[in-house]
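The structure appears below as structure tokens.
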Amino acid sequence: TQDQTMLGKVKDHPEISRVVRQVDGVIDFEIDALSKDFGEVLQLSLETKLESSRAEYRQVETGHGRLQDSKSRITILVSPTNVTITSHANMLLVEIAKELLPLRIRLISEDIDTFHRDGDIEESFFGKLMKTDFQYPVEAFFEA
């Protein structure tokens with residue numbers, strides 16, 4: 001599914017465009033500025049359904065973090081990668097400087113693998129595939 005929202009102070013003059021696409025546990029955001037008339041930093045708060053008392057955030061690498069509890073994992077990927085990602089309980093907080101727009105964000109929701117050794121630490125096959133797809137999107141080339 002896809003949803004596009006225009007955000008801003010005045011209904012007829014939106015300042016931010018947000019497009020959200022969701023398919024099979026993967027949510028993609030595209031955020032872009034329609035004007036530069038807003039503050040220096042935007043903050044996107046993403047509340048998850050993880051158990052807030054057990055949710056732990058870990059930055060895997062620049063632009064890639066994981067918030068997980070004992071049963072589920074939410075992986076967040078951002079491009080460009082120099083965006084600040086933090087967490088508070090079961091929320092992911094993304095601070096977006098306006099010079100970094102347009103911005104792409106991908107959230108990958110998956111169950112923790114409790115069967116295999118280190119399944120709670122290592123990425124699943126699905127998570128790796130969705131990360132690669134985000135970092136190196138498929139392109140189509142046509143010859144006339």
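Identifiers in the structure tokens: chain A, B, ... in order shown; residue index from 1 per chain; ligand index from 1 in order shown.
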
Could you list, as a PDB file with N, CA and C atoms, in the first residue's frame, every residue within 8 Å of range 36-52 of chain A, counting only C-alpha atoms and ignoring same-chain residues fewer than 4 positions away?
```
ATOM      1  N   GLU A  15       4.997  22.159   3.521  1.00  0.00           N
ATOM      2  CA  GLU A  15       6.445  22.322   3.592  1.00  0.00           C
ATOM      3  C   GLU A  15       7.191  21.000   3.393  1.00  0.00           C
ATOM      4  N   GLN A  68      15.185  -4.027  19.363  1.00  0.00           N
ATOM      5  CA  GLN A  68      14.594  -5.349  19.504  1.00  0.00           C
ATOM      6  C   GLN A  68      14.307  -5.676  20.954  1.00  0.00           C
ATOM      7  N   ASP A  69      13.337  -6.562  21.127  1.00  0.00           N
ATOM      8  CA  ASP A  69      13.069  -7.148  22.435  1.00  0.00           C
ATOM      9  C   ASP A  69      13.337  -8.645  22.305  1.00  0.00           C
ATOM     10  N   SER A  72      10.869  -9.744  18.888  1.00  0.00           N
ATOM     11  CA  SER A  72      10.803  -9.051  17.601  1.00  0.00           C
ATOM     12  C   SER A  72      11.965  -8.090  17.421  1.00  0.00           C
ATOM     13  N   ALA A  89      12.814   3.894  24.913  1.00  0.00           N
ATOM     14  CA  ALA A  89      11.899   2.774  25.187  1.00  0.00           C
ATOM     15  C   ALA A  89      11.600   2.054  23.878  1.00  0.00           C
ATOM     16  N   ASN A  90      10.340   2.066  23.429  1.00  0.00           N
ATOM     17  CA  ASN A  90       9.982   1.351  22.201  1.00  0.00           C
ATOM     18  C   ASN A  90       9.822   2.296  21.010  1.00  0.00           C
ATOM     19  N   MET A  91      10.440   3.465  21.080  1.00  0.00           N
ATOM     20  CA  MET A  91      10.337   4.443  19.989  1.00  0.00           C
ATOM     21  C   MET A  91      11.689   4.645  19.315  1.00  0.00           C
ATOM     22  N   LEU A  92      11.657   4.801  17.998  1.00  0.00           N
ATOM     23  CA  LEU A  92      12.824   5.212  17.225  1.00  0.00           C
ATOM     24  C   LEU A  92      12.675   6.689  16.918  1.00  0.00           C
ATOM     25  N   LEU A  93      13.721   7.450  17.126  1.00  0.00           N
ATOM     26  CA  LEU A  93      13.715   8.888  16.877  1.00  0.00           C
ATOM     27  C   LEU A  93      14.747   9.192  15.802  1.00  0.00           C
ATOM     28  N   VAL A  94      14.301   9.852  14.743  1.00  0.00           N
ATOM     29  CA  VAL A  94      15.177  10.183  13.626  1.00  0.00           C
ATOM     30  C   VAL A  94      15.223  11.697  13.512  1.00  0.00           C
ATOM     31  N   GLU A  95      16.416  12.278  13.659  1.00  0.00           N
ATOM     32  CA  GLU A  95      16.591  13.722  13.519  1.00  0.00           C
ATOM     33  C   GLU A  95      17.112  14.010  12.121  1.00  0.00           C
ATOM     34  N   ILE A  96      16.365  14.847  11.397  1.00  0.00           N
ATOM     35  CA  ILE A  96      16.639  15.090   9.989  1.00  0.00           C
ATOM     36  C   ILE A  96      16.983  16.559   9.791  1.00  0.00           C
ATOM     37  N   ALA A  97      18.215  16.836   9.432  1.00  0.00           N
ATOM     38  CA  ALA A  97      18.615  18.206   9.093  1.00  0.00           C
ATOM     39  C   ALA A  97      18.105  18.504   7.686  1.00  0.00           C
ATOM     40  N   LYS A  98      17.621  19.719   7.469  1.00  0.00           N
ATOM     41  CA  LYS A  98      16.983  20.003   6.178  1.00  0.00           C
ATOM     42  C   LYS A  98      17.933  19.892   4.994  1.00  0.00           C
TER      43      LYS A  98
END
```

Close residues, range 99-103 of chain A itself excluded, 12 Å, only C-alpha atoms, min 5 positions apart in chain, as an MDAnalysis selection string: chainID A and resid 15:19 28:36 38:42 44 63 77:84 94

Give me the residues near Ser70 in chain A as an mmCIF file with C-alpha atoms, in the first residue's frame, where near means some atom within 8 Å (using only C-alpha atoms) and where sequence neighbours in that chain fewer than 3 positions away do not count.
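Just written: around.cif:
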```
data_model
loop_
_atom_site.group_PDB
_atom_site.id
_atom_site.type_symbol
_atom_site.label_atom_id
_atom_site.label_comp_id
_atom_site.auth_asym_id
_atom_site.auth_seq_id
_atom_site.Cartn_x
_atom_site.Cartn_y
_atom_site.Cartn_z
ATOM 1 C CA ARG A 54 12.793 -4.888 27.222
ATOM 2 C CA ALA A 55 13.482 -2.970 24.007
ATOM 3 C CA ILE A 112 13.780 -13.013 16.403
ATOM 4 C CA ASP A 120 19.041 -12.893 18.362
#
```

So how many Å separate CA of Pro137 in chain A and CA of Arg58 in chain A, to one decimal?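 Going from CA of Pro137 in chain A over to CA of Arg58 in chain A covers 24.7 Å.
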
Using only C-alpha atoms, determine which residues lie at most 12 Å from Gly25 in chain A, disregarding the query and same-chain residues fewer than 4 positions distant; provide the list as a PDB file with C-alpha atoms, in the first residue's frame.
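For reference, selection.pdb as written:
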```
ATOM      1  CA  THR A   1       0.000   0.000   0.000  1.00  0.00           C
ATOM      2  CA  ARG A  21       4.946   2.356   1.209  1.00  0.00           C
ATOM      3  CA  SER A  72      10.803  -9.051  17.601  1.00  0.00           C
ATOM      4  CA  ARG A  73      13.291  -6.838  15.796  1.00  0.00           C
ATOM      5  CA  ILE A  74      12.840  -3.551  13.951  1.00  0.00           C
ATOM      6  CA  THR A  75      15.759  -2.655  11.701  1.00  0.00           C
ATOM      7  CA  ARG A 106      13.365   1.696   5.555  1.00  0.00           C
ATOM      8  CA  LEU A 107      11.941  -0.185   8.548  1.00  0.00           C
ATOM      9  CA  ILE A 108      12.180  -3.983   8.523  1.00  0.00           C
ATOM     10  CA  SER A 109       9.997  -5.826  11.022  1.00  0.00           C
ATOM     11  CA  GLU A 110      10.777  -9.457  11.788  1.00  0.00           C
ATOM     12  CA  ASP A 111      10.624 -12.112  14.480  1.00  0.00           C
ATOM     13  CA  PHE A 126      15.113 -11.698   4.946  1.00  0.00           C
ATOM     14  CA  GLY A 127      16.706  -8.789   6.834  1.00  0.00           C
ATOM     15  CA  MET A 130      15.886  -6.141   2.419  1.00  0.00           C
TER      16      MET A 130
END
```

Let's see if you can do this: from backbone DSSP, list all alpha helix (DSSP H) residues in chain A, as a PyMOL selection string. chain A and resi 125-135

Write the residues of the selection above to a file with all heavy atoms, as a compact mmCIF listing (two decimals), in the first residue's frame.
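Written output follows (part_24.txt):
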```txt
# COMPACT_ATOMS: atom_id res chain seq x y z
N PHE A 125 18.05 -13.97 6.92
CA PHE A 125 18.19 -13.91 5.46
C PHE A 125 17.30 -12.80 4.90
O PHE A 125 17.72 -12.01 4.06
CB PHE A 125 17.83 -15.26 4.84
CG PHE A 125 17.81 -15.23 3.34
CD1 PHE A 125 18.99 -15.26 2.63
CD2 PHE A 125 16.61 -15.16 2.64
CE1 PHE A 125 18.99 -15.22 1.24
CE2 PHE A 125 16.59 -15.11 1.26
CZ PHE A 125 17.79 -15.14 0.56
N PHE A 126 16.06 -12.72 5.40
CA PHE A 126 15.11 -11.70 4.95
C PHE A 126 15.65 -10.30 5.25
O PHE A 126 15.62 -9.42 4.39
CB PHE A 126 13.76 -11.90 5.64
CG PHE A 126 12.74 -10.85 5.32
CD1 PHE A 126 12.11 -10.81 4.10
CD2 PHE A 126 12.41 -9.88 6.27
CE1 PHE A 126 11.16 -9.84 3.80
CE2 PHE A 126 11.47 -8.90 5.99
CZ PHE A 126 10.85 -8.89 4.76
N GLY A 127 16.16 -10.10 6.46
CA GLY A 127 16.71 -8.79 6.83
C GLY A 127 17.88 -8.39 5.96
O GLY A 127 17.98 -7.25 5.51
N LYS A 128 18.79 -9.34 5.68
CA LYS A 128 19.94 -9.06 4.81
C LYS A 128 19.49 -8.70 3.40
O LYS A 128 20.02 -7.78 2.78
CB LYS A 128 20.87 -10.28 4.75
CG LYS A 128 21.67 -10.51 5.99
CD LYS A 128 22.53 -11.75 5.82
CE LYS A 128 23.19 -12.12 7.12
NZ LYS A 128 23.92 -13.37 7.03
N LEU A 129 18.51 -9.45 2.89
CA LEU A 129 18.01 -9.20 1.55
C LEU A 129 17.36 -7.81 1.44
O LEU A 129 17.60 -7.07 0.49
CB LEU A 129 17.00 -10.29 1.17
CG LEU A 129 16.49 -10.29 -0.25
CD1 LEU A 129 17.62 -10.53 -1.24
CD2 LEU A 129 15.41 -11.36 -0.41
N MET A 130 16.56 -7.44 2.44
CA MET A 130 15.89 -6.14 2.42
C MET A 130 16.88 -4.99 2.61
O MET A 130 16.70 -3.91 2.07
CB MET A 130 14.80 -6.08 3.49
CG MET A 130 13.61 -7.00 3.23
SD MET A 130 12.77 -6.64 1.66
CE MET A 130 13.39 -7.91 0.59
N LYS A 131 17.94 -5.23 3.37
CA LYS A 131 19.00 -4.22 3.54
C LYS A 131 19.73 -4.00 2.22
O LYS A 131 19.93 -2.87 1.79
CB LYS A 131 19.98 -4.68 4.63
CG LYS A 131 21.14 -3.73 4.83
CD LYS A 131 22.10 -4.28 5.87
CE LYS A 131 23.36 -3.44 5.90
NZ LYS A 131 24.37 -3.99 6.80
N THR A 132 20.10 -5.10 1.55
CA THR A 132 20.78 -4.99 0.26
C THR A 132 19.88 -4.31 -0.77
O THR A 132 20.35 -3.46 -1.54
CB THR A 132 21.18 -6.40 -0.24
OG1 THR A 132 22.03 -6.99 0.74
CG2 THR A 132 21.90 -6.33 -1.57
N ASP A 133 18.60 -4.64 -0.77
CA ASP A 133 17.65 -4.03 -1.68
C ASP A 133 17.56 -2.51 -1.45
O ASP A 133 17.42 -1.75 -2.39
CB ASP A 133 16.28 -4.67 -1.51
CG ASP A 133 15.22 -4.05 -2.38
OD1 ASP A 133 15.34 -4.16 -3.63
OD2 ASP A 133 14.28 -3.45 -1.84
N PHE A 134 17.64 -2.08 -0.20
CA PHE A 134 17.58 -0.66 0.12
C PHE A 134 18.86 0.06 -0.30
O PHE A 134 18.82 1.14 -0.88
CB PHE A 134 17.35 -0.47 1.63
CG PHE A 134 17.27 0.96 2.07
CD1 PHE A 134 16.13 1.71 1.84
CD2 PHE A 134 18.34 1.55 2.73
CE1 PHE A 134 16.04 3.02 2.26
CE2 PHE A 134 18.26 2.88 3.15
CZ PHE A 134 17.12 3.61 2.91
N GLN A 135 20.00 -0.54 0.00
CA GLN A 135 21.27 0.10 -0.30
C GLN A 135 21.63 0.07 -1.78
O GLN A 135 22.30 0.97 -2.28
CB GLN A 135 22.39 -0.57 0.51
CG GLN A 135 22.24 -0.32 2.00
CD GLN A 135 23.22 -1.12 2.83
OE1 GLN A 135 23.68 -2.19 2.42
NE2 GLN A 135 23.54 -0.61 4.00
```

From a DSSP pass on the backbone, collect the residues of chain A flagged as strand (DSSP E or B) and hand them back as number ranges by chain. A: 2-7, 10, 13, 16-23, 26-33, 41-47, 56-61, 64-68, 72-79, 84-88, 91-97, 103-111
